[in-house]
$ cat start25.txt   # compact mmCIF, C-alpha atoms
# COMPACT_ATOMS: atom_id res chain seq x y z
CA MET A 120 4.20 15.18 -13.23
CA ALA A 121 4.55 18.61 -11.73
CA GLY A 122 7.38 19.18 -9.29
CA PRO A 123 7.17 20.75 -5.83
CA GLN A 124 5.28 24.00 -5.79
CA ALA A 125 5.12 24.64 -2.05
CA GLY A 126 8.04 26.52 -0.55
CA ALA A 127 10.03 25.39 2.43
CA GLY A 128 8.01 27.67 4.66
CA ALA A 129 4.75 26.01 3.64
CA LEU A 130 6.20 22.58 4.29
CA ARG A 131 7.21 23.60 7.80
CA LYS A 132 3.70 24.70 8.72
CA THR A 133 1.79 22.44 11.04
CA VAL A 134 -1.85 21.50 11.05
CA PRO A 135 -3.59 23.66 13.67
CA ALA A 136 -3.73 21.73 16.92
CA THR A 137 -7.06 20.58 18.28
CA THR A 138 -8.04 19.99 21.88
CA SER A 139 -10.67 17.84 23.55
CA SER A 140 -13.00 20.86 23.57
CA THR A 141 -12.70 21.42 19.82
CA SER A 142 -15.87 20.48 17.96
CA PRO A 143 -15.79 18.22 14.89
CA THR A 144 -16.85 21.20 12.77
CA GLN A 145 -13.97 23.28 14.09
CA SER A 146 -11.53 20.42 13.49
CA LEU A 147 -12.77 20.03 9.92
CA THR A 148 -12.50 23.76 9.32
CA ALA A 149 -8.94 23.78 10.66
CA LEU A 150 -7.99 20.92 8.35
CA GLN A 151 -9.59 22.64 5.38
CA TYR A 152 -7.72 25.84 6.14
CA ALA A 153 -4.40 24.00 6.37
CA ALA A 154 -5.18 22.08 3.17
CA GLU A 155 -5.88 25.29 1.27
CA GLU A 156 -2.55 26.61 2.55
CA GLY A 157 -0.93 23.63 0.79
CA HIS A 158 -0.13 21.46 3.80
CA PRO A 159 0.11 17.84 2.54
CA VAL A 160 -0.73 16.26 5.90
CA ALA A 161 -4.04 18.12 6.05
CA GLN A 162 -4.75 17.36 2.40
CA PHE A 163 -4.11 13.68 2.98
CA LYS A 164 -6.27 13.55 6.10
CA LEU A 165 -9.14 15.20 4.24
CA GLY A 166 -8.66 12.87 1.30
CA ARG A 167 -8.91 9.87 3.59
CA MET A 168 -11.96 11.31 5.33
CA TYR A 169 -13.85 11.90 2.09
CA ALA A 170 -12.78 8.52 0.68
CA ALA A 171 -14.14 6.69 3.74
CA GLY A 172 -17.03 8.99 4.63
CA ASP A 173 -15.39 9.51 8.02
CA GLY A 174 -17.04 12.49 9.69
CA VAL A 175 -18.11 13.86 6.29
CA ALA A 176 -20.34 12.67 3.47
CA ARG A 177 -18.38 10.29 1.29
CA ASP A 178 -17.17 12.06 -1.84
CA ASP A 179 -14.60 10.18 -3.91
CA MET A 180 -14.05 13.08 -6.29
CA ARG A 181 -13.14 15.40 -3.43
CA ALA A 182 -10.81 12.72 -2.08
CA PHE A 183 -9.30 12.30 -5.55
CA ASP A 184 -8.78 16.07 -5.74
CA TYR A 185 -6.95 16.23 -2.42
CA PHE A 186 -4.70 13.30 -3.32
CA SER A 187 -4.02 14.88 -6.72
CA ARG A 188 -2.95 18.15 -5.09
CA ILE A 189 -0.36 16.28 -3.06
CA ALA A 190 0.94 14.33 -6.05
CA ASN A 191 1.16 17.40 -8.26
CA ALA A 192 2.93 19.56 -5.68
CA HIS A 193 5.27 17.03 -4.07
CA ALA A 194 6.11 14.39 -6.67
CA GLU A 195 9.77 15.35 -6.65
CA ASP A 196 10.19 15.77 -2.91
CA SER A 197 13.09 13.81 -1.50
CA PRO A 198 12.18 10.23 -0.47
CA SER A 199 13.73 11.08 2.90
CA ALA A 200 11.57 14.17 3.42
CA PRO A 201 9.25 14.11 6.46
CA GLN A 202 6.16 14.06 4.25
CA ALA A 203 7.52 11.48 1.77
CA GLN A 204 5.32 8.60 2.89
CA ILE A 205 2.22 10.80 2.78
CA VAL A 206 3.09 11.73 -0.79
CA ALA A 207 3.66 8.09 -1.68
CA ASN A 208 0.36 7.10 -0.08
CA ALA A 209 -1.39 9.78 -2.15
CA PHE A 210 0.00 8.18 -5.30
CA VAL A 211 -1.26 4.79 -4.10
CA ALA A 212 -4.72 6.22 -3.46
CA LEU A 213 -4.79 7.75 -6.94
CA GLY A 214 -3.67 4.48 -8.47
CA ARG A 215 -6.50 2.62 -6.79
CA TYR A 216 -9.00 5.16 -8.07
CA TYR A 217 -7.64 4.74 -11.58
CA LEU A 218 -7.94 0.97 -11.29
CA SER A 219 -11.70 1.09 -10.84
CA GLY A 220 -12.64 4.62 -11.88
CA ILE A 221 -15.14 6.84 -10.05
CA PRO A 222 -18.70 6.32 -11.36
CA ASN A 223 -20.37 9.26 -13.09
CA THR A 224 -17.20 11.38 -13.07
CA LYS A 225 -14.33 12.22 -15.38
CA VAL A 226 -12.15 9.67 -13.60
CA LYS A 227 -12.50 6.55 -15.71
CA ALA A 228 -10.91 3.16 -15.15
CA ASP A 229 -7.42 3.41 -16.62
CA PRO A 230 -5.11 0.50 -15.70
CA ASP A 231 -2.15 2.07 -17.48
CA ARG A 232 -2.49 5.25 -15.47
CA ALA A 233 -2.93 3.19 -12.29
CA ARG A 234 0.29 1.36 -13.06
CA GLU A 235 2.09 4.68 -13.50
CA MET A 236 0.92 5.83 -10.08
CA PHE A 237 1.94 2.59 -8.36
CA SER A 238 5.23 2.39 -10.22
CA TYR A 239 6.25 5.91 -9.23
CA ALA A 240 5.44 5.40 -5.55
CA ALA A 241 7.06 1.95 -5.57
CA SER A 242 10.30 2.94 -7.27
CA TYR A 243 10.92 6.55 -6.26
CA PHE A 244 9.52 6.47 -2.72
CA GLY A 245 9.98 2.72 -2.05
CA ASN A 246 6.40 2.49 -0.76
CA ALA A 247 5.50 -1.08 0.20
CA ASP A 248 1.76 -0.73 -0.51
CA ALA A 249 2.56 0.54 -3.99
CA GLN A 250 4.96 -2.33 -4.51
CA TYR A 251 2.24 -4.79 -3.54
CA ASP A 252 -0.39 -3.18 -5.78
CA LEU A 253 2.08 -3.08 -8.66
CA ALA A 254 2.95 -6.73 -8.11
CA ARG A 255 -0.71 -7.69 -8.24
CA MET A 256 -1.15 -5.88 -11.53
CA TYR A 257 1.74 -7.81 -13.06
CA LEU A 258 0.67 -11.15 -11.59
CA LYS A 259 -3.11 -11.07 -11.96
CA THR A 260 -3.39 -12.35 -15.53
CA ALA A 261 -2.96 -16.07 -16.05
CA ASP A 262 -1.26 -15.48 -19.40
CA ALA A 263 1.17 -12.90 -18.10
CA SER A 264 4.44 -12.82 -19.99
CA ARG A 265 7.61 -14.07 -18.40
CA ASP A 266 8.80 -10.48 -17.98
CA ASP A 267 5.52 -9.48 -16.33
CA PHE A 268 5.78 -12.37 -13.92
CA ARG A 269 9.40 -11.58 -13.11
CA TYR A 270 8.53 -7.95 -12.40
CA GLY A 271 5.54 -8.98 -10.31
CA ALA A 272 7.49 -11.49 -8.24
CA ARG A 273 10.26 -8.93 -7.68
CA TRP A 274 7.88 -6.24 -6.40
CA LEU A 275 6.01 -8.78 -4.30
CA GLY A 276 9.23 -9.90 -2.63
CA LEU A 277 10.30 -6.33 -1.91
CA ALA A 278 6.96 -5.49 -0.33
CA ALA A 279 7.00 -8.67 1.76
CA GLN A 280 10.50 -7.94 3.02
CA LYS A 281 9.31 -4.51 4.15
CA GLY A 282 6.54 -6.11 6.22
CA GLN A 283 3.56 -5.48 3.91
CA HIS A 284 1.38 -8.29 5.24
CA GLN A 285 -0.81 -8.72 2.16
CA ALA A 286 2.32 -9.19 0.07
CA GLN A 287 3.60 -11.66 2.65
CA ALA A 288 0.36 -13.63 2.41
CA LEU A 289 0.34 -13.75 -1.39
CA LEU A 290 4.03 -14.66 -1.56
CA GLY A 291 3.48 -17.30 1.11
CA GLN A 292 0.59 -18.82 -0.86
CA MET A 293 2.64 -18.95 -4.04
CA LEU A 294 5.66 -20.51 -2.36
CA PHE A 295 3.67 -23.03 -0.34
CA ASN A 296 1.61 -24.19 -3.32
CA GLY A 297 4.35 -23.90 -5.92
CA ASP A 298 2.21 -21.45 -7.85
CA ARG A 299 4.51 -20.26 -10.68
CA LEU A 300 7.39 -20.31 -8.18
CA PRO A 301 9.51 -23.29 -7.08
CA ARG A 302 7.65 -24.89 -4.19
CA GLN A 303 9.12 -24.01 -0.80
CA PRO A 304 6.48 -25.04 1.75
CA ALA A 305 8.45 -24.09 4.85
CA ARG A 306 9.30 -20.61 3.56
CA GLY A 307 5.74 -20.18 2.33
CA LEU A 308 4.39 -21.09 5.77
CA MET A 309 6.80 -18.62 7.36
CA TRP A 310 5.46 -15.76 5.22
CA LEU A 311 1.87 -16.82 5.86
CA THR A 312 2.51 -16.86 9.61
CA LEU A 313 3.87 -13.31 9.50
CA ALA A 314 0.88 -12.21 7.42
CA ARG A 315 -1.62 -13.86 9.75
CA ASP A 316 -0.15 -12.06 12.75
CA SER A 317 -0.62 -8.67 11.05
CA ALA A 318 -3.93 -9.28 9.29
CA GLY A 319 -6.92 -7.15 10.14
CA PRO A 320 -10.26 -8.64 11.26
CA ASP A 321 -11.72 -8.29 7.76
CA GLU A 322 -8.82 -10.03 6.03
CA VAL A 323 -10.29 -13.48 6.35
CA TRP A 324 -8.51 -14.72 3.21
CA ILE A 325 -5.13 -14.37 4.91
CA LYS A 326 -6.16 -16.37 7.96
CA GLU A 327 -7.80 -19.04 5.82
CA SER A 328 -4.69 -19.31 3.64
CA TYR A 329 -2.54 -19.77 6.72
CA ASN A 330 -4.89 -22.38 8.18
CA ARG A 331 -4.93 -24.41 4.95
CA ALA A 332 -1.16 -24.30 4.63
CA PHE A 333 -0.57 -25.20 8.28
CA ALA A 334 -2.94 -28.17 8.02
CA LYS A 335 -1.15 -29.47 4.92
CA ALA A 336 2.40 -28.82 6.13
CA SER A 337 4.56 -31.66 7.39
CA ASP A 338 6.09 -31.57 10.85
CA ASP A 339 9.48 -30.84 9.26
CA ASP A 340 8.01 -27.95 7.27
CA ARG A 341 6.44 -26.51 10.41
CA ALA A 342 9.69 -26.78 12.33
CA SER A 343 11.68 -25.18 9.51
CA ALA A 344 9.11 -22.41 9.18
CA LEU A 345 9.45 -21.68 12.89
CA GLN A 346 13.23 -21.43 12.59
CA MET A 347 12.89 -19.07 9.62
CA LEU A 348 10.39 -17.00 11.56
CA GLU A 349 12.73 -16.69 14.52
CA SER A 350 15.56 -15.62 12.21
CA TRP A 351 13.30 -13.03 10.59
CA VAL A 352 12.28 -11.55 13.93
CA GLN A 353 15.87 -11.49 15.14
CA GLY A 354 17.00 -9.80 11.96
CA LYS A 355 14.39 -7.08 12.39
CA ARG A 356 15.59 -6.44 15.94
CA GLU A 357 19.21 -5.98 14.94

$ encode --input "start25.txt" --output "structure tokens"
Amino acid sequence: MAGPQAGAGALRKTVPATTSSTSPTQSLTALQYAAEEGHPVAQFKLGRMYAAGDGVARDDMRAFDYFSRIANAHAEDSPSAPQAQIVANAFVALGRYYLSGIPNTKVKADPDRAREMFSYAASYFGNADAQYDLARMYLKTADASRDDFRYGARWLGLAAQKGQHQAQALLGQMLFNGDRLPRQPARGLMWLTLARDSAGPDEVWIKESYNRAFAKASDDDRASALQMLESWVQGKRE
């Protein structure tokens, strides 16, 4: 992985400001200019735009290229640098592309490469989304080795503690049901409650998992889960 190639001056540049009178075309041009100058924020914004087809025609290869530029130029930036989370998110985006590949392109499905991307963002940058994706890779196979499961559970717990709601939901499911972990219904319900409160409108699986667990939980489990939830919230405030 290439180290930083942009100088300190380039990192201090800002994306050209836009105003309410700026047209979408002008905004896109400004982003493209900043991206070509090596600004990671602009590169990431363009990568997201092309990945989602947001204001531009969807083009996963162009998105992949922008995310790759960030990863290649900033892999060794300090985890405390202002752009660190953008760099980590670029690694996550690349990992997800490598998981499935991009049809009719040179980017083929490569789980090993995906794991490298997630592992780097999870360990070096401490990125919670990467930790969750890495955990899923370790946990997804029913015949996973004991080491794989241990690694997966560890990354899942780290992501959940950082507030990654999908990790909270999966960990909650596993704890509530005793799925390869010692059954702790109250703690599982606590994690599922946190996940439900942060879930997006399309994340129906999280809300359904919470509803099933709540319906099955005893009154004591519900009361204990509420106490754990209050302690969690208080701990985050302190």

$ atom_distance --input "start25.txt" --atom1 "CA of Asn191 (chain A)" --atom2 "CA of Pro159 (chain A)"
10.9 Å

$ closest_residue --input "start25.txt" --among "A:Ile189, A:Leu313, A:Ala305, A:Ala161" --to "Leu213 (chain A)" --atoms "all atoms listed in the file"
A:Ile189

$ closest_residue --input "start25.txt" --among "A:His284, A:Arg341, A:Lys335, A:Arg215" --to "Phe186 (chain A)" --atoms "only C-alpha atoms"
A:Arg215

$ residues_around --input "start25.txt" --residues "region 162-170 of chain A" --least-positions-apart "3" --cutoff "8 Å" --atoms "all atoms listed in the file" --output "compact mmCIF listing (two decimals) with C-alpha atoms, in the coordinates of the input"
# COMPACT_ATOMS: atom_id res chain seq x y z
CA LEU A 150 -7.99 20.92 8.35
CA GLN A 151 -9.59 22.64 5.38
CA ALA A 153 -4.40 24.00 6.37
CA ALA A 154 -5.18 22.08 3.17
CA GLY A 157 -0.93 23.63 0.79
CA HIS A 158 -0.13 21.46 3.80
CA PRO A 159 0.11 17.84 2.54
CA ASP A 173 -15.39 9.51 8.02
CA GLY A 174 -17.04 12.49 9.69
CA VAL A 175 -18.11 13.86 6.29
CA ALA A 176 -20.34 12.67 3.47
CA ARG A 177 -18.38 10.29 1.29
CA ASP A 178 -17.17 12.06 -1.84
CA ASP A 179 -14.60 10.18 -3.91
CA ARG A 181 -13.14 15.40 -3.43
CA ALA A 182 -10.81 12.72 -2.08
CA PHE A 183 -9.30 12.30 -5.55
CA ASP A 184 -8.78 16.07 -5.74
CA TYR A 185 -6.95 16.23 -2.42
CA PHE A 186 -4.70 13.30 -3.32
CA ARG A 188 -2.95 18.15 -5.09
CA ILE A 189 -0.36 16.28 -3.06
CA ILE A 205 2.22 10.80 2.78
CA ALA A 209 -1.39 9.78 -2.15

$ residues_around --input "start25.txt" --residues "Arg269 (chain A)" --least-positions-apart "5" --cutoff "9 Å" --atoms "all atoms listed in the file" --output "ChimeraX atom specification"
/A:257-258,264,274

$ residues_around --input "start25.txt" --residues "Asn246 (chain A)" --least-positions-apart "5" --cutoff "9 Å" --atoms "only C-alpha atoms" --output "PyMOL selection string"
chain A and resi 204+207-208+211+237+240-241+251+278

$ closest_residue --input "start25.txt" --among "A:Ser350, A:Gly282, A:Ala254, A:Ala212" --to "Ala171 (chain A)" --atoms "only C-alpha atoms"
A:Ala212

$ residues_around --input "start25.txt" --residues "Trp324 (chain A)" --least-positions-apart "4" --cutoff "10 Å" --atoms "all atoms listed in the file" --output "PDB file with C-alpha atoms, in the frame of the given file"
ATOM      1  CA  GLN A 285      -0.810  -8.720   2.160  1.00  0.00           C
ATOM      2  CA  ALA A 288       0.360 -13.630   2.410  1.00  0.00           C
ATOM      3  CA  ARG A 315      -1.620 -13.860   9.750  1.00  0.00           C
ATOM      4  CA  ALA A 318      -3.930  -9.280   9.290  1.00  0.00           C
ATOM      5  CA  SER A 328      -4.690 -19.310   3.640  1.00  0.00           C
ATOM      6  CA  TYR A 329      -2.540 -19.770   6.720  1.00  0.00           C
ATOM      7  CA  ASN A 330      -4.890 -22.380   8.180  1.00  0.00           C
TER       8      ASN A 330
END

$ closest_residue --input "start25.txt" --among "A:His193, A:Lys355, A:Arg306, A:Lys326" --to "Asp339 (chain A)" --atoms "all atoms listed in the file"
A:Arg306

$ closest_residue --input "start25.txt" --among "A:Arg265, A:Arg331, A:Arg302, A:Lys281" --to "Trp351 (chain A)" --atoms "only C-alpha atoms"
A:Lys281

$ atom_distance --input "start25.txt" --atom1 "CA of Ser197 (chain A)" --atom2 "CA of Leu277 (chain A)"
20.3 Å

$ atom_distance --input "start25.txt" --atom1 "CA of Ala192 (chain A)" --atom2 "CA of Val160 (chain A)"
12.6 Å

$ closest_residue --input "start25.txt" --among "A:Val206, A:Ala344, A:Leu308, A:Leu147" --to "Tyr243 (chain A)" --atoms "all atoms listed in the file"
A:Val206

$ residues_near_point --input "start25.txt" --point "(6.4, -29.1, 3.4)" --cutoff "6 Å" --atoms "only C-alpha atoms" --output "PyMOL selection string"
chain A and resi 304-305+336-337+340

$ build_atoms --input "start25.txt" --residues "region 242-261 of chain A" --atoms "N, CA, C and O atoms" --output "CSV table (one decimal), in the coordinates of the input"
chain,number,residue,atom,x,y,z
A,242,SER,N,8.9,2.8,-6.9
A,242,SER,CA,10.3,2.9,-7.3
A,242,SER,C,11.0,4.2,-6.7
A,242,SER,O,12.0,4.1,-6.1
A,243,TYR,N,10.3,5.3,-6.7
A,243,TYR,CA,10.9,6.6,-6.3
A,243,TYR,C,10.9,6.6,-4.7
A,243,TYR,O,11.8,7.0,-4.1
A,244,PHE,N,9.7,6.3,-4.2
A,244,PHE,CA,9.5,6.5,-2.7
A,244,PHE,C,9.7,5.1,-2.0
A,244,PHE,O,9.8,5.1,-0.8
A,245,GLY,N,9.8,4.0,-2.7
A,245,GLY,CA,10.0,2.7,-2.0
A,245,GLY,C,8.8,2.3,-1.2
A,245,GLY,O,9.0,1.6,-0.2
A,246,ASN,N,7.6,2.7,-1.6
A,246,ASN,CA,6.4,2.5,-0.8
A,246,ASN,C,6.0,1.0,-0.9
A,246,ASN,O,5.7,0.5,-2.0
A,247,ALA,N,5.8,0.3,0.2
A,247,ALA,CA,5.5,-1.1,0.2
A,247,ALA,C,4.1,-1.4,-0.3
A,247,ALA,O,3.9,-2.4,-1.0
A,248,ASP,N,3.1,-0.5,0.0
A,248,ASP,CA,1.8,-0.7,-0.5
A,248,ASP,C,1.7,-0.6,-2.0
A,248,ASP,O,1.1,-1.4,-2.7
A,249,ALA,N,2.5,0.4,-2.5
A,249,ALA,CA,2.6,0.5,-4.0
A,249,ALA,C,3.2,-0.7,-4.6
A,249,ALA,O,2.8,-1.1,-5.7
A,250,GLN,N,4.3,-1.2,-4.0
A,250,GLN,CA,5.0,-2.3,-4.5
A,250,GLN,C,4.0,-3.5,-4.6
A,250,GLN,O,4.0,-4.3,-5.5
A,251,TYR,N,3.2,-3.7,-3.5
A,251,TYR,CA,2.2,-4.8,-3.5
A,251,TYR,C,1.2,-4.6,-4.6
A,251,TYR,O,0.9,-5.6,-5.4
A,252,ASP,N,0.6,-3.4,-4.8
A,252,ASP,CA,-0.4,-3.2,-5.8
A,252,ASP,C,0.2,-3.4,-7.2
A,252,ASP,O,-0.5,-3.9,-8.1
A,253,LEU,N,1.4,-2.9,-7.4
A,253,LEU,CA,2.1,-3.1,-8.7
A,253,LEU,C,2.3,-4.6,-9.0
A,253,LEU,O,2.1,-5.0,-10.1
A,254,ALA,N,2.7,-5.3,-7.9
A,254,ALA,CA,3.0,-6.7,-8.1
A,254,ALA,C,1.7,-7.4,-8.5
A,254,ALA,O,1.7,-8.3,-9.4
A,255,ARG,N,0.6,-7.1,-7.9
A,255,ARG,CA,-0.7,-7.7,-8.2
A,255,ARG,C,-1.1,-7.4,-9.7
A,255,ARG,O,-1.7,-8.3,-10.4
A,256,MET,N,-0.8,-6.2,-10.2
A,256,MET,CA,-1.2,-5.9,-11.5
A,256,MET,C,-0.4,-6.8,-12.5
A,256,MET,O,-0.9,-7.2,-13.5
A,257,TYR,N,0.9,-7.0,-12.2
A,257,TYR,CA,1.7,-7.8,-13.1
A,257,TYR,C,1.4,-9.3,-13.0
A,257,TYR,O,1.5,-10.0,-14.0
A,258,LEU,N,0.9,-9.7,-11.8
A,258,LEU,CA,0.7,-11.2,-11.6
A,258,LEU,C,-0.8,-11.6,-11.9
A,258,LEU,O,-1.0,-12.8,-12.0
A,259,LYS,N,-1.7,-10.7,-12.0
A,259,LYS,CA,-3.1,-11.1,-12.0
A,259,LYS,C,-3.6,-11.8,-13.2
A,259,LYS,O,-4.5,-12.6,-13.1
A,260,THR,N,-2.9,-11.7,-14.3
A,260,THR,CA,-3.4,-12.4,-15.5
A,260,THR,C,-2.7,-13.7,-15.7
A,260,THR,O,-1.5,-13.8,-15.5
A,261,ALA,N,-3.5,-14.7,-15.9
A,261,ALA,CA,-3.0,-16.1,-16.0
A,261,ALA,C,-2.0,-16.2,-17.2
A,261,ALA,O,-1.1,-17.1,-17.2
